[in-house]
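Everything below belongs to target-v2.cif, which stores mmCIF, C-alpha atoms.
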data_data
#
loop_
_atom_site.label_atom_id
_atom_site.label_comp_id
_atom_site.auth_asym_id
_atom_site.auth_seq_id
_atom_site.Cartn_x
_atom_site.Cartn_y
_atom_site.Cartn_z
CA MET A 1 18.47 12.91 5.19
CA ALA A 2 21.38 13.41 2.83
CA ARG A 3 21.24 10.20 0.80
CA ASN A 4 18.92 7.42 -0.27
CA GLN A 5 18.29 4.65 2.24
CA HIS A 6 17.86 0.99 1.28
CA ALA A 7 16.06 -1.82 3.09
CA VAL A 8 14.53 -5.17 2.22
CA ILE A 9 11.12 -6.72 2.86
CA TRP A 10 10.88 -10.42 3.66
CA THR A 11 8.03 -12.71 4.67
CA GLN A 12 7.35 -16.17 6.09
CA ILE A 13 3.80 -16.37 4.81
CA SER A 14 4.55 -19.66 3.02
CA GLY A 15 6.09 -21.14 6.16
CA LYS A 16 9.66 -20.41 5.11
CA PRO A 17 11.57 -17.12 4.77
CA GLN A 18 11.36 -15.47 1.36
CA LYS A 19 12.54 -12.10 0.16
CA MET A 20 9.63 -10.08 -1.17
CA GLY A 21 11.43 -7.06 -2.59
CA ASP A 22 13.56 -3.97 -2.12
CA LEU A 23 12.58 -0.74 -0.38
CA LEU A 24 14.15 2.66 -1.02
CA LEU A 25 13.69 5.94 0.80
CA SER A 26 14.72 9.33 -0.58
CA THR A 27 14.07 12.82 0.67
CA ASP A 28 10.60 13.01 -0.89
CA GLN A 29 9.39 9.50 -1.69
CA SER A 30 9.54 5.83 -0.85
CA ALA A 31 9.86 3.19 -3.58
CA PHE A 32 9.27 -0.57 -3.61
CA THR A 33 10.03 -3.23 -6.22
CA TYR A 34 9.01 -6.89 -6.03
CA LEU A 35 11.58 -9.55 -6.80
CA PRO A 36 10.72 -11.55 -9.97
CA GLU A 37 11.12 -14.75 -7.94
CA TYR A 38 8.50 -13.60 -5.46
CA LEU A 39 6.08 -12.61 -8.21
CA GLU A 40 6.24 -16.18 -9.50
CA THR A 41 5.00 -17.55 -6.16
CA GLU A 42 1.65 -15.69 -6.46
CA LEU A 43 1.66 -15.28 -2.68
CA PRO A 44 0.01 -12.20 -1.12
CA GLY A 45 1.90 -8.96 -1.53
CA PHE A 46 3.05 -6.61 1.18
CA CYS A 47 -0.21 -4.61 1.24
CA LEU A 48 -3.75 -5.00 -0.07
CA LEU A 49 -3.55 -2.26 -2.70
CA GLY A 50 0.08 -3.08 -3.42
CA ASP A 51 -0.49 -6.72 -4.19
CA ASN A 52 2.01 -8.28 -6.56
CA SER A 53 -0.80 -9.01 -9.04
CA LEU A 54 -1.40 -5.25 -9.27
CA TRP A 55 2.10 -3.80 -9.10
CA GLN A 56 3.86 -6.74 -10.75
CA SER A 57 7.46 -5.85 -11.63
CA ASP A 58 6.92 -2.07 -11.64
CA THR A 59 8.76 0.10 -9.14
CA VAL A 60 6.01 1.90 -7.25
CA THR A 61 6.63 5.16 -5.41
CA TYR A 62 4.77 6.87 -2.60
CA PRO A 63 5.19 10.53 -1.56
CA ILE A 64 6.40 10.77 2.02
CA SER A 65 6.03 13.39 4.73
CA GLU A 66 6.76 13.79 8.42
CA ARG A 67 3.30 12.34 9.13
CA ILE A 68 3.62 9.39 6.73
CA PRO A 69 7.37 8.73 6.36
CA VAL A 70 7.05 5.42 4.44
CA PHE A 71 4.42 3.36 2.63
CA PRO A 72 1.32 3.41 4.88
CA ARG A 73 1.41 -0.37 5.38
CA LEU A 74 4.84 -0.05 7.02
CA ILE A 75 3.84 2.60 9.56
CA SER A 76 2.56 -0.05 11.97
CA LEU A 77 6.10 -1.47 12.10
CA ILE A 78 7.51 1.87 13.33
CA PRO A 79 7.05 2.30 17.09
CA GLY A 80 4.37 4.91 17.69
CA ASN A 81 5.38 8.31 19.00
CA ASN A 82 3.52 8.31 22.29
CA PRO A 83 4.90 8.49 25.84
CA ARG A 84 4.02 4.89 26.77
CA ASN A 85 5.29 3.12 23.65
CA LEU A 86 7.84 0.66 25.03
CA GLN A 87 9.40 -0.15 21.68
CA ARG A 88 10.02 3.47 20.75
CA ARG A 89 11.55 4.32 24.11
CA HIS A 90 13.66 1.16 23.96
CA TYR A 91 15.03 1.81 20.47
CA ILE A 92 15.54 5.52 21.09
CA ASP A 93 17.64 4.49 24.11
CA LEU A 94 19.69 2.20 21.85
CA LEU A 95 20.11 4.85 19.15
CA ARG A 96 21.12 7.38 21.79
CA ALA A 97 23.78 4.99 23.08
CA GLN A 98 25.03 4.19 19.56
CA GLN A 99 25.18 7.80 18.38
CA GLY A 100 26.29 9.38 21.63
CA ARG A 101 23.59 12.02 21.29
CA GLU A 102 19.84 12.46 21.24
CA PRO A 103 18.39 11.10 17.95
CA ALA A 104 17.05 14.02 15.95
CA PRO A 105 13.32 13.96 15.15
CA GLY A 106 12.59 13.37 11.49
CA LEU A 107 12.69 10.89 8.64
CA ASP A 108 16.14 9.52 9.37
CA THR A 109 15.23 8.46 12.91
CA GLU A 110 11.90 6.99 11.78
CA TRP A 111 13.74 4.97 9.13
CA ARG A 112 16.25 3.69 11.69
CA LEU A 113 13.40 2.64 13.96
CA LEU A 114 11.76 0.78 11.06
CA VAL A 115 14.81 -1.25 10.02
CA THR A 116 15.83 -1.92 13.64
CA GLY A 117 12.51 -3.19 14.96
CA GLY A 118 10.33 -3.72 11.90
CA HIS A 119 10.28 -7.52 11.98
CA GLY A 120 8.22 -10.02 13.94
CA GLY A 121 5.37 -7.52 14.27
CA ILE A 122 1.67 -7.85 13.54
CA GLY A 123 1.04 -9.27 10.09
CA HIS A 124 3.16 -11.14 7.58
CA ILE A 125 5.93 -8.75 6.50
CA ASP A 126 9.34 -8.07 8.01
CA VAL A 127 11.64 -5.15 7.22
CA PHE A 128 15.42 -5.43 7.57
CA SER A 129 18.40 -3.26 6.75
CA ASP A 130 19.80 -5.91 4.39
CA ASP A 131 19.45 -9.53 3.28
CA ILE A 132 22.20 -10.86 5.55
CA THR A 133 20.47 -9.42 8.61
CA ALA A 134 17.22 -11.02 7.45
CA GLN A 135 18.78 -14.43 6.87
CA ASN A 136 20.47 -14.36 10.26
CA TRP A 137 17.25 -13.36 11.99
CA TYR A 138 15.35 -16.27 10.43
CA GLN A 139 17.88 -18.88 11.55
CA PRO A 140 16.18 -21.51 13.77
CA ASN A 141 18.56 -20.86 16.68
CA ALA A 142 18.58 -17.08 16.30
CA HIS A 143 16.18 -16.54 19.20
CA SER A 144 17.18 -19.36 21.54
CA GLN A 145 20.17 -17.39 22.80
CA HIS A 146 17.86 -14.53 23.77
CA GLU A 147 15.64 -16.44 26.21
CA LEU A 148 14.08 -14.08 28.71
CA MET A 149 12.43 -15.88 31.63
CA LEU A 150 10.79 -14.29 34.62
CA ASN A 151 12.61 -16.62 36.98
CA ALA A 152 16.05 -15.65 35.65
CA SER A 153 16.88 -13.01 38.23
CA GLY A 154 19.45 -11.00 36.24
CA ASN A 155 17.40 -10.82 33.06
CA ARG A 156 14.18 -10.38 34.99
CA SER A 157 15.54 -7.41 36.92
CA GLN A 158 16.52 -5.66 33.68
CA LEU A 159 13.13 -6.29 32.07
CA TRP A 160 11.30 -5.27 35.23
CA GLY A 161 13.47 -2.18 35.48
CA MET A 162 12.56 -1.20 31.92
CA LEU A 163 8.83 -1.80 32.50
CA LYS A 164 8.70 -0.02 35.84
CA HIS A 165 10.65 2.93 34.44
CA ASN A 166 8.59 3.28 31.25
CA VAL A 167 5.15 2.17 32.45
CA LEU A 168 4.97 3.01 36.15
CA ASP A 169 7.28 6.06 35.93
CA GLU A 170 9.46 4.69 38.71
CA ASN A 171 13.03 5.91 38.99
CA VAL A 172 14.57 2.52 38.23
CA GLU A 173 17.81 2.11 36.31
CA PHE A 174 18.19 -0.49 33.56
CA ASN A 175 20.51 -1.20 30.65
CA PRO A 176 18.69 -1.07 27.28
CA GLN A 177 21.50 -3.01 25.62
CA ILE A 178 20.96 -5.95 27.98
CA ILE A 179 17.24 -5.88 27.16
CA GLU A 180 18.12 -5.97 23.46
CA GLU A 181 20.65 -8.78 23.87
CA THR A 182 18.30 -10.81 26.05
CA LEU A 183 14.90 -10.27 24.47
CA GLY A 184 16.16 -9.71 20.95
CA PRO A 185 14.46 -7.27 18.56
CA THR A 186 11.26 -5.98 20.15
CA PRO A 187 8.61 -5.82 17.42
CA SER A 188 6.37 -2.79 17.28
CA VAL A 189 2.72 -2.94 18.31
CA GLY A 190 0.46 0.06 18.70
CA GLY A 191 -2.41 1.00 20.98
CA MET A 192 -3.14 3.23 23.95
CA ILE A 193 -1.45 1.00 26.55
CA PRO A 194 2.07 -0.49 26.48
CA LYS A 195 2.44 -3.88 24.82
CA LEU A 196 5.14 -6.38 24.00
CA LEU A 197 5.03 -9.17 21.44
CA VAL A 198 6.48 -12.20 23.20
CA SER A 199 5.82 -15.93 23.44
CA MET A 200 4.96 -18.32 26.26
CA ASN A 201 5.49 -22.05 26.66
CA PRO A 202 2.05 -23.66 27.17
CA ASN A 203 3.64 -26.67 28.89
CA GLU A 204 5.24 -24.64 31.68
CA THR A 205 3.40 -24.05 34.93
CA ALA A 206 5.62 -21.09 35.81
CA VAL A 207 5.02 -17.85 33.93
CA ASN A 208 7.97 -17.34 31.59
CA PHE A 209 8.26 -14.94 28.66
CA TYR A 210 10.34 -15.66 25.57
CA PRO A 211 11.10 -13.75 22.36
CA PRO A 212 8.61 -14.03 19.47
CA ASP A 213 8.91 -17.05 17.19
CA THR A 214 10.54 -19.22 19.85
CA PRO A 215 9.90 -22.81 18.66
CA ASP A 216 6.98 -24.69 20.27
CA ASN A 217 5.78 -21.58 22.11
CA THR A 218 2.48 -19.71 21.86
CA GLU A 219 2.76 -16.20 20.44
CA VAL A 220 1.04 -13.59 22.63
CA VAL A 221 0.38 -9.88 22.83
CA LEU A 222 1.47 -8.96 26.35
CA LYS A 223 -0.38 -5.89 27.60
CA ILE A 224 1.03 -3.97 30.56
CA GLU A 225 -1.31 -1.75 32.57
CA PRO A 226 -0.16 1.84 33.19
CA PRO A 227 -1.40 3.76 36.26
CA GLU A 228 -3.59 6.12 34.23
CA TYR A 229 -5.68 3.14 33.05
CA SER A 230 -6.04 1.34 36.36
CA GLY A 231 -8.42 -1.63 36.10
CA LEU A 232 -8.43 -1.70 32.30
CA LEU A 233 -6.90 -5.18 32.02
CA ASP A 234 -9.40 -6.61 34.51
CA LEU A 235 -12.19 -5.09 32.41
CA GLU A 236 -10.77 -6.54 29.20
CA ALA A 237 -10.35 -9.96 30.83
CA LEU A 238 -13.95 -9.76 32.07
CA CYS A 239 -15.15 -9.04 28.53
CA LEU A 240 -13.22 -12.05 27.25
CA ASP A 241 -14.77 -14.17 30.02
CA ILE A 242 -18.29 -13.04 29.12
CA HIS A 243 -17.81 -13.66 25.41
CA GLN A 244 -16.32 -17.09 26.07
CA GLN A 245 -19.20 -18.05 28.39
CA SER A 246 -21.64 -16.85 25.73
CA GLY A 247 -20.22 -19.27 23.18
CA PHE A 248 -18.06 -16.90 21.16
CA ASP A 249 -14.63 -17.94 19.96
CA VAL A 250 -12.03 -15.96 21.88
CA PRO A 251 -8.25 -16.28 21.91
CA ASN A 252 -6.53 -17.92 24.85
CA TYR A 253 -5.67 -15.34 27.50
CA GLN A 254 -4.19 -15.06 30.98
CA ARG A 255 -4.21 -12.27 33.58
CA ILE A 256 -0.91 -12.04 35.47
CA ASP A 257 0.10 -9.91 38.46
CA ASN A 258 3.77 -9.91 39.36
CA ASP A 259 5.91 -7.59 41.45
CA GLY A 260 3.66 -4.57 41.10
CA LEU A 261 3.10 -5.05 37.37
CA LYS A 262 -0.21 -6.11 35.83
CA PHE A 263 -0.28 -8.09 32.57
CA LEU A 264 -2.82 -9.54 30.18
CA ALA A 265 -1.38 -12.09 27.75
CA VAL A 266 -3.63 -12.68 24.70
CA GLU A 267 -2.81 -15.23 22.03
CA ARG A 268 -1.97 -13.49 18.76
CA PHE A 269 -4.64 -13.37 16.07
CA ASP A 270 -2.18 -12.97 13.20
CA ARG A 271 -0.61 -16.41 13.63
CA GLN A 272 -2.28 -19.70 12.72
CA GLN A 273 -0.34 -22.86 13.51
CA GLY A 274 2.88 -20.92 13.21
CA ILE A 275 1.99 -19.41 9.83
CA ARG A 276 1.67 -15.65 9.53
CA VAL A 277 -1.68 -14.19 8.54
CA PRO A 278 -1.73 -11.00 6.42
CA MET A 279 -3.10 -8.09 8.44
CA GLU A 280 -3.55 -4.46 7.50
CA SER A 281 -5.28 -1.53 9.16
CA LEU A 282 -8.08 0.41 7.49
CA PHE A 283 -5.90 3.52 7.78
CA SER A 284 -3.21 1.83 5.70
CA VAL A 285 -5.67 0.83 2.98
CA ILE A 286 -7.22 4.30 2.77
CA ALA A 287 -3.86 6.11 2.88
CA THR A 288 -2.43 3.91 0.13
#

Translate the structure described by the file into structure tokens.
Amino acid sequence: MARNQHAVIWTQISGKPQKMGDLLLSTDQSAFTYLPEYLETELPGFCLLGDNSLWQSDTVTYPISERIPVFPRLISLIPGNNPRNLQRRHYIDLLRAQQGREPAPGLDTEWRLLVTGGHGGIGHIDVFSDDITAQNWYQPNAHSQHELMLNASGNRSQLWGMLKHNVLDENVEFNPQIIEETLGPTPSVGGMIPKLLVSMNPNETAVNFYPPDTPDNTEVVLKIEPPEYSGLLDLEALCLDIHQQSGFDVPNYQRIDNDGLKFLAVERFDRQQGIRVPMESLFSVIAT
């Protein structure tokens, strides 16, 4: 990476978009500085040990490496480097098309993945390449043009092609640019099986998927079962059934089988009445 890279961190934790601060990446460290205006709000910071009450107006740096290429809290927003990660394969396809070559492994590619798909993910922070991109993404109608419904045959065939190619290893062609234009930015979410963060309309009887943050929809983690974990989603749904019948609070969920693909849609735990809930992994806290 020949030069410093700049990005911005925003949040909607108050219910409206606010810029939190500026993020810089050099060859050996990452740096973050809170905006004075955000410090005045006394809202939660971008990570537990990097709370604005602790860092205040100081520029804080973190040494980076190939294993931890940014602040630990931001790693969850970079698609994981495993064969079944849908987001990573999707964005690598896009970068390959944009660059006309295979994206080189390393910090530069990880940074591009972060600023391209690091918004709308688990938790309360969003990373963008610049403020204009952030403001455009938060516009109320920004996602309506990207509706992706299962009963829209053209869009459905592209989504199904992507899922069957990446999850079931079927030799199915699809256009990653159409997926991007239709679904919009695909936020990153980790785990051992493929997942997508999408939304569903609770008032529709048909099963339709929409981009995250679509107004009046329920935000869900959509899990897609790969062949090497056959039966896993049925087992998880059974566990949810048992806990619910035993009186435990469980999120709303739905098992879906469609055209050879198996899904489990689970209502997101990091959203409460449309407001984002701060979430951070234990790894992030320890690594920070």

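Reported to one decimal place, the separation of CA of Asp108 in chain A from CA of Gln135 in chain A is 24.2 Å.
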
message: What's the separation between CA of Thr214 in chain A and CA of Pro17 in chain A, in Å to one decimal place?
response: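 CA of Thr214 in chain A sits 15.3 Å away from CA of Pro17 in chain A.
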
task: Quick one: pull the distance between CA of Leu25 in chain A and CA of Gln5 in chain A, Å, one decimal.
output: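 Between CA of Leu25 in chain A and CA of Gln5 in chain A the gap works out to 5.0 Å.
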
- prompt: So which residues are close to (-0.8, -3.5, 40.0), meaning at most 9 Å away in the file's coordinates with all atoms listed in the file counted, and can you show them as number ranges by chain?
  reply: A: 225-227, 230-231, 257-263

task: Take the PyMOL selection byres ((chain A and resi 111) around 12), apply it to the structure above, and return the hits as a ChimeraX atom specification.
output: /A:1,4-7,23-27,30,64,66,68-71,74-75,77-79,91,95,103-110,112-118,127-129

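A cut-off of 6 Å from the point (5.3, -11.0, 23.5), with all atoms listed in the file, picks out the residues Leu196, Leu197, Val198, Ser199, Val220, Val221 and Leu222 of chain A.
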
message: Expand the PyMOL selection byres ((chain A and resi 37-42) around 9) into the explicit residue set it covers here, and present it as a PyMOL selection string.
response: chain A and resi 18-21+34-36+43-45+52-53+56-57

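Residue nearest Val167 in chain A, chosen from A:Thr61, A:Gln87, A:Gln29, A:Ser76 and counting all atoms listed in the file: A:Gln87.
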
task: Run the PyMOL selection byres ((chain A and resi 236-252) around 12) on the file and write out the hits as a VMD selection string.
output: chain A and resid 200 202 218 to 221 223 225 229 to 235 253 to 256 262 to 272

Write the residues you've just listed into a file as a compact mmCIF listing (two decimals), in the coordinates of the input, and include C-alpha atoms for each of them.
# COMPACT_ATOMS: atom_id res chain seq x y z
CA MET A 200 4.96 -18.32 26.26
CA PRO A 202 2.05 -23.66 27.17
CA THR A 218 2.48 -19.71 21.86
CA GLU A 219 2.76 -16.20 20.44
CA VAL A 220 1.04 -13.59 22.63
CA VAL A 221 0.38 -9.88 22.83
CA LYS A 223 -0.38 -5.89 27.60
CA GLU A 225 -1.31 -1.75 32.57
CA TYR A 229 -5.68 3.14 33.05
CA SER A 230 -6.04 1.34 36.36
CA GLY A 231 -8.42 -1.63 36.10
CA LEU A 232 -8.43 -1.70 32.30
CA LEU A 233 -6.90 -5.18 32.02
CA ASP A 234 -9.40 -6.61 34.51
CA LEU A 235 -12.19 -5.09 32.41
CA TYR A 253 -5.67 -15.34 27.50
CA GLN A 254 -4.19 -15.06 30.98
CA ARG A 255 -4.21 -12.27 33.58
CA ILE A 256 -0.91 -12.04 35.47
CA LYS A 262 -0.21 -6.11 35.83
CA PHE A 263 -0.28 -8.09 32.57
CA LEU A 264 -2.82 -9.54 30.18
CA ALA A 265 -1.38 -12.09 27.75
CA VAL A 266 -3.63 -12.68 24.70
CA GLU A 267 -2.81 -15.23 22.03
CA ARG A 268 -1.97 -13.49 18.76
CA PHE A 269 -4.64 -13.37 16.07
CA ASP A 270 -2.18 -12.97 13.20
CA ARG A 271 -0.61 -16.41 13.63
CA GLN A 272 -2.28 -19.70 12.72

Grab all the atoms of range 250-258 of chain A that the file lists, wrap them in a box along x, y and z, add 8 Å per side, and give me centre plus edge lengths in Å (one decimal) as lines of an AutoDock Vina configuration file.
center_x = -4.1
center_y = -13.9
center_z = 30.6
size_x = 31.8
size_y = 24.0
size_z = 33.5

Near Thr59 in chain A, counting all atoms listed in the file, which residues have an atom at most 9 Å away, once you skip same-chain residues fewer than 5 positions from it, shown as a CSV table (one decimal) with C-alpha atoms, keeping the file's coordinate frame?
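The result, written out as selection_14.csv:
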chain,number,residue,atom,x,y,z
A,31,ALA,CA,9.9,3.2,-3.6
A,32,PHE,CA,9.3,-0.6,-3.6
A,33,THR,CA,10.0,-3.2,-6.2
A,34,TYR,CA,9.0,-6.9,-6.0

task: Between A:Tyr138, A:Trp55, A:Arg88, A:Gly80, single out the one closest to Thr11 in chain A, counting only C-alpha atoms.
output: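 The shortest atom-to-atom distance to Thr11 in chain A comes from A:Tyr138.
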
task: Do a neighbour search on Asn203 in chain A at 12 Å with all atoms listed in the file, toss out local chain neighbours closer than 4 positions, and write the hits as a list in words.
output: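 Everything that qualifies: Val207, Asn208, Asp216, Asn217 and Thr218 of chain A.
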
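Ranking A:Ala206, A:Leu94, A:Trp137, A:Pro215 by their shortest atom-to-atom distance to Gly120 in chain A, with all atoms listed in the file included, puts A:Trp137 first.
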
query: Between A:Asn85, A:His90, A:Glu280, A:Asp28, which is the closest to Lys195 in chain A once you count all atoms listed in the file?
result: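 Checking each candidate against Lys195 in chain A, we get A:Asn85 as the closest.
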
field: Gln12 in chain A surroundings by only C-alpha atoms, 9 Å radius, close-in-sequence under 2 positions cut, as a PyMOL selection string
entry: chain A and resi 10+14-19+124-126+275-276
